[in-house]
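Student: Got a structure for you, model.pdb, holding PDB, C-alpha atoms and all ligand atoms.
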ATOM      1  CA  MET A   1      -8.445   1.130 -13.848
ATOM      2  CA  ALA A   2      -7.181   2.735 -10.715
ATOM      3  CA  ASN A   3      -5.404   6.018 -10.225
ATOM      4  CA  VAL A   4      -2.447   5.589  -7.934
ATOM      5  CA  THR A   5      -0.902   8.859  -6.797
ATOM      6  CA  PHE A   6       2.581   8.685  -5.351
ATOM      7  CA  SER A   7       3.689  11.491  -3.063
ATOM      8  CA  SER A   8       7.027  11.888  -1.348
ATOM      9  CA  PRO A   9       9.488  14.564  -0.311
ATOM     10  CA  ARG A  10      11.920  12.527  -2.418
ATOM     11  CA  MET A  11       9.984  13.413  -5.583
ATOM     12  CA  LYS A  12       9.849  16.842  -7.196
ATOM     13  CA  LYS A  13       6.067  16.577  -7.445
ATOM     14  CA  ASP A  14       3.292  14.057  -6.983
ATOM     15  CA  LEU A  15       2.806  11.566  -9.773
ATOM     16  CA  THR A  16      -0.455   9.858 -10.654
ATOM     17  CA  VAL A  17      -0.247   6.661 -12.656
ATOM     18  CA  TYR A  18      -2.919   4.378 -14.001
ATOM     19  CA  ALA A  19      -2.859   0.804 -12.860
ATOM     20  CA  VAL A  20      -4.951  -1.866 -14.494
ATOM     21  CA  ALA A  21      -7.050  -3.509 -11.832
ATOM     22  CA  GLY A  22      -7.052  -7.275 -11.868
ATOM     23  CA  ASP A  23      -3.552  -7.808 -13.161
ATOM     24  CA  THR A  24      -2.478  -8.489  -9.559
ATOM     25  CA  LYS A  25       0.424  -6.079  -9.635
ATOM     26  CA  THR A  26       1.763  -5.035  -6.279
ATOM     27  CA  LEU A  27       2.122  -1.412  -5.387
ATOM     28  CA  LEU A  28       5.880  -1.903  -5.402
ATOM     29  CA  ALA A  29       5.748  -3.270  -8.959
ATOM     30  CA  VAL A  30       3.713  -0.251 -10.067
ATOM     31  CA  ALA A  31       6.231   2.075  -8.388
ATOM     32  CA  GLN A  32       9.160   0.298 -10.012
ATOM     33  CA  ALA A  33       7.515   0.309 -13.434
ATOM     34  CA  ASN A  34       7.298   4.082 -13.105
ATOM     35  CA  LYS A  35      10.819   4.464 -11.704
ATOM     36  CA  LEU A  36       9.607   5.815  -8.361
ATOM     37  CA  PRO A  37      12.033   5.666  -5.437
ATOM     38  CA  VAL A  38      10.029   3.479  -3.042
ATOM     39  CA  ASP A  39      12.471   1.642  -0.756
ATOM     40  CA  PHE A  40      12.575  -2.129  -0.847
ATOM     41  CA  GLU A  41      14.866  -5.000  -0.001
ATOM     42  CA  CYS A  42      13.328  -8.451   0.249
ATOM     43  CA  GLU A  43      10.258  -7.927  -2.008
ATOM     44  CA  ASN A  44       8.718 -10.715   0.015
ATOM     45  CA  GLY A  45       6.942  -9.073   2.927
ATOM     46  CA  GLU A  46       9.668  -9.733   5.439
ATOM     47  CA  CYS A  47      11.969  -6.722   5.872
ATOM     48  CA  GLY A  48       9.454  -3.878   6.220
ATOM     49  CA  SER A  49      11.554  -1.445   4.199
ATOM     50  CA  CYS A  50       8.737  -0.880   1.688
ATOM     51  CA  ALA A  51       6.213   0.362   4.285
ATOM     52  CA  VAL A  52       4.093   3.150   2.790
ATOM     53  CA  GLN A  53       1.033   5.076   3.873
ATOM     54  CA  VAL A  54      -1.955   4.325   1.669
ATOM     55  CA  SER A  55      -5.153   6.385   1.700
ATOM     56  CA  VAL A  56      -8.251   5.609  -0.309
ATOM     57  CA  LEU A  57      -9.518   8.799  -1.899
ATOM     58  CA  SER A  58     -12.440  10.260  -0.032
ATOM     59  CA  GLY A  59     -15.938   9.802  -1.268
ATOM     60  CA  LYS A  60     -15.412   6.190  -2.196
ATOM     61  CA  THR A  61     -16.128   3.123  -0.156
ATOM     62  CA  PRO A  62     -12.913   1.194   0.406
ATOM     63  CA  LEU A  63     -12.887  -2.269  -1.091
ATOM     64  CA  GLY A  64     -12.355  -5.177   1.257
ATOM     65  CA  VAL A  65      -8.984  -4.987   2.934
ATOM     66  CA  ALA A  66      -6.669  -7.901   2.272
ATOM     67  CA  LEU A  67      -3.778  -7.678   4.700
ATOM     68  CA  THR A  68      -1.375 -10.543   4.232
ATOM     69  CA  GLU A  69      -0.155 -12.443   7.276
ATOM     70  CA  LYS A  70       3.329 -11.099   6.595
ATOM     71  CA  GLU A  71       2.026  -7.522   6.558
ATOM     72  CA  LYS A  72       0.345  -8.012   9.906
ATOM     73  CA  ILE A  73       3.515  -9.339  11.513
ATOM     74  CA  VAL A  74       6.005  -6.900   9.965
ATOM     75  CA  LEU A  75       3.857  -3.784  10.407
ATOM     76  CA  LYS A  76       3.054  -4.752  13.986
ATOM     77  CA  LEU A  77       6.731  -5.260  14.834
ATOM     78  CA  ALA A  78       7.500  -1.867  13.277
ATOM     79  CA  GLY A  79       4.806  -0.214  15.380
ATOM     80  CA  LYS A  80       2.884   0.861  12.281
ATOM     81  CA  ILE A  81      -0.292  -1.077  12.958
ATOM     82  CA  THR A  82      -2.165  -1.889  16.145
ATOM     83  CA  PRO A  83      -4.055  -5.078  16.961
ATOM     84  CA  GLN A  84      -7.223  -2.960  16.829
ATOM     85  CA  GLN A  85      -6.400  -1.765  13.292
ATOM     86  CA  ILE A  86      -5.835  -5.366  12.232
ATOM     87  CA  ALA A  87      -9.192  -6.343  13.700
ATOM     88  CA  ASP A  88     -10.879  -3.369  12.025
ATOM     89  CA  ALA A  89      -9.348  -4.332   8.686
ATOM     90  CA  GLU A  90     -10.482  -7.925   8.974
ATOM     91  CA  ASN A  91     -13.915  -7.385  10.450
ATOM     92  CA  ASN A  92     -15.008  -3.957   9.217
ATOM     93  CA  ASP A  93     -13.020  -3.415   6.003
ATOM     94  CA  LEU A  94     -11.399  -0.349   7.525
ATOM     95  CA  PRO A  95      -8.057   0.142   5.770
ATOM     96  CA  PRO A  96      -5.065   0.584   8.073
ATOM     97  CA  PRO A  97      -2.851   3.623   7.383
ATOM     98  CA  TRP A  98       0.323   1.652   6.622
ATOM     99  CA  ARG A  99       0.843  -1.152   4.119
ATOM    100  CA  LEU A 100       3.779  -3.007   2.648
ATOM    101  CA  ALA A 101       4.151  -1.976  -0.978
ATOM    102  CA  CYS A 102       5.429  -5.422  -1.936
ATOM    103  CA  GLN A 103       2.301  -7.067  -0.517
ATOM    104  CA  PHE A 104      -0.428  -4.584  -1.411
ATOM    105  CA  ILE A 105      -2.236  -5.576  -4.596
ATOM    106  CA  VAL A 106      -3.553  -2.629  -6.581
ATOM    107  CA  ARG A 107      -7.277  -2.875  -7.043
ATOM    108  CA  ASN A 108      -9.981  -0.902  -8.728
ATOM    109  CA  GLU A 109      -9.883   2.075  -6.407
ATOM    110  CA  ASP A 110      -8.000   5.332  -6.389
ATOM    111  CA  VAL A 111      -5.365   5.654  -3.706
ATOM    112  CA  ILE A 112      -2.683   8.046  -2.542
ATOM    113  CA  VAL A 113       0.605   6.489  -1.550
ATOM    114  CA  GLN A 114       2.987   8.445   0.668
ATOM    115  CA  PHE A 115       6.516   7.361   1.322
TER     116      PHE A 115
HETATM  117  S1  LIG B 201      10.461  -5.178   0.378
HETATM  118 FE1  LIG B 201      10.706  -6.236   2.244
HETATM  119  S2  LIG B 201       8.742  -6.130   3.129
HETATM  120 FE2  LIG B 201       8.451  -5.259   1.188
END
Starting from the file, give its structure as structure tokens.
Ligand code: FES
Tutor:
Amino acid sequence: MANVTFSSPRMKKDLTVYAVAGDTKTLLAVAQANKLPVDFECENGECGSCAVQVSVLSGKTPLGVALTEKEKIVLKLAGKITPQQIADAENNDLPPPWRLACQFIVRNEDVIVQF
């Protein structure tokens, strides 16, 4: 189980939902299942409209970071990730600040999602 907290000026208050780790749901699918207003268009890692800031809650070691190739390209074009952050994600498991909700698979760690 993972606690996923969604936070946005578009919501009256933060909402924490429980996601079952291992069912390979994307963050966007979790948001949609809970009727949260995360933007999206293509749902396929190509448009960048679902970019969200994801933070792993402090005190926990982040799990390995799995950036998809599409995330790297789209986030880089949008200026939301640097080549250094991509290298840090791949080599040092340092999570980058921005992810694509339609590509990010929820795992067994608690995160805060800002959009
Ligand atoms: S909805 Fe288009 S990149 Fe996620």
Student: Give me, as a list of chain:residue names, all polymer residues having an atom no more than 12 Å from region 5-15 of chain A, counting all atoms listed in the file and skipping those fewer than 4 positions away in the same chain.
Tutor: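 Counting all atoms listed in the file, the residues come to A:Ala19, A:Leu27, A:Leu28, A:Val30, A:Ala31, A:Gln32, A:Asn34, A:Lys35, A:Leu36, A:Pro37, A:Val38, A:Asp39, A:Val52, A:Gln53, A:Val54, A:Ser55, A:Val56, A:Leu57, A:Ala101, A:Val106, A:Glu109, A:Asp110, A:Val111, A:Ile112, A:Val113, A:Gln114, A:Phe115.
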Student: Give the residue list for ligand LIG 201 (chain B) at 9 Å, counting only C-alpha atoms and all ligand atoms, as a PyMOL selection string, sorted by chain and then by residue number.
Tutor: chain A and resi 28+39-51+70-71+74+100-103
Student: Residues near Pro83 (chain A), anyone? I mean within 12 Å using all atoms listed in the file, not counting same-chain ones fewer than 5 positions away, as a list in words.
Tutor: Lys72, Ile73, Leu75, Lys76, Leu77, Asp88, Ala89, Glu90 and Pro96 of chain A
Student: Generate the output file for the selected residues, C-alpha atoms, as a compact mmCIF listing (two decimals), in the coordinates of the input.
Tutor:
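New file part-v7.txt:
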# COMPACT_ATOMS: atom_id res chain seq x y z
CA LYS A 72 0.34 -8.01 9.91
CA ILE A 73 3.52 -9.34 11.51
CA LEU A 75 3.86 -3.78 10.41
CA LYS A 76 3.05 -4.75 13.99
CA LEU A 77 6.73 -5.26 14.83
CA ASP A 88 -10.88 -3.37 12.02
CA ALA A 89 -9.35 -4.33 8.69
CA GLU A 90 -10.48 -7.92 8.97
CA PRO A 96 -5.07 0.58 8.07
Student: Kindly provide, as AutoDock Vina command-line options, the centre and edge lengths (Å, one decimal) of an axis-aligned box around all atoms of region 82-85 of chain A given in the file, with 3 Å on each side.
Tutor:
--center_x -4.7 --center_y -3.4 --center_z 15.1 --size_x 11.1 --size_y 9.3 --size_z 9.7
Student: Would you please work out which residue, of A:Val20, A:Val65, A:Met1, A:Ala29, is nearest to Gln85 (chain A) when using all atoms listed in the file?
Tutor: A:Val65
Student: In Å, with one decimal, what is the gap from CA of Thr24 (chain A) to CA of Arg99 (chain A)?
Tutor: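 Calculated distance between CA of Thr24 (chain A) and CA of Arg99 (chain A) is 15.9 Å.
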Student: Tell me, in Å to one decimal, how far CA of Lys25 (chain A) is from CA of Pro97 (chain A).
Tutor: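 Computing the Euclidean distance for CA of Lys25 (chain A) and CA of Pro97 (chain A) yields 19.9 Å.
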Student: Quote the spacing between CA of Ala33 (chain A) and CA of Ile86 (chain A) in Å to one decimal place.
Tutor: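 Separating CA of Ala33 (chain A) from CA of Ile86 (chain A) is a distance of 29.5 Å.
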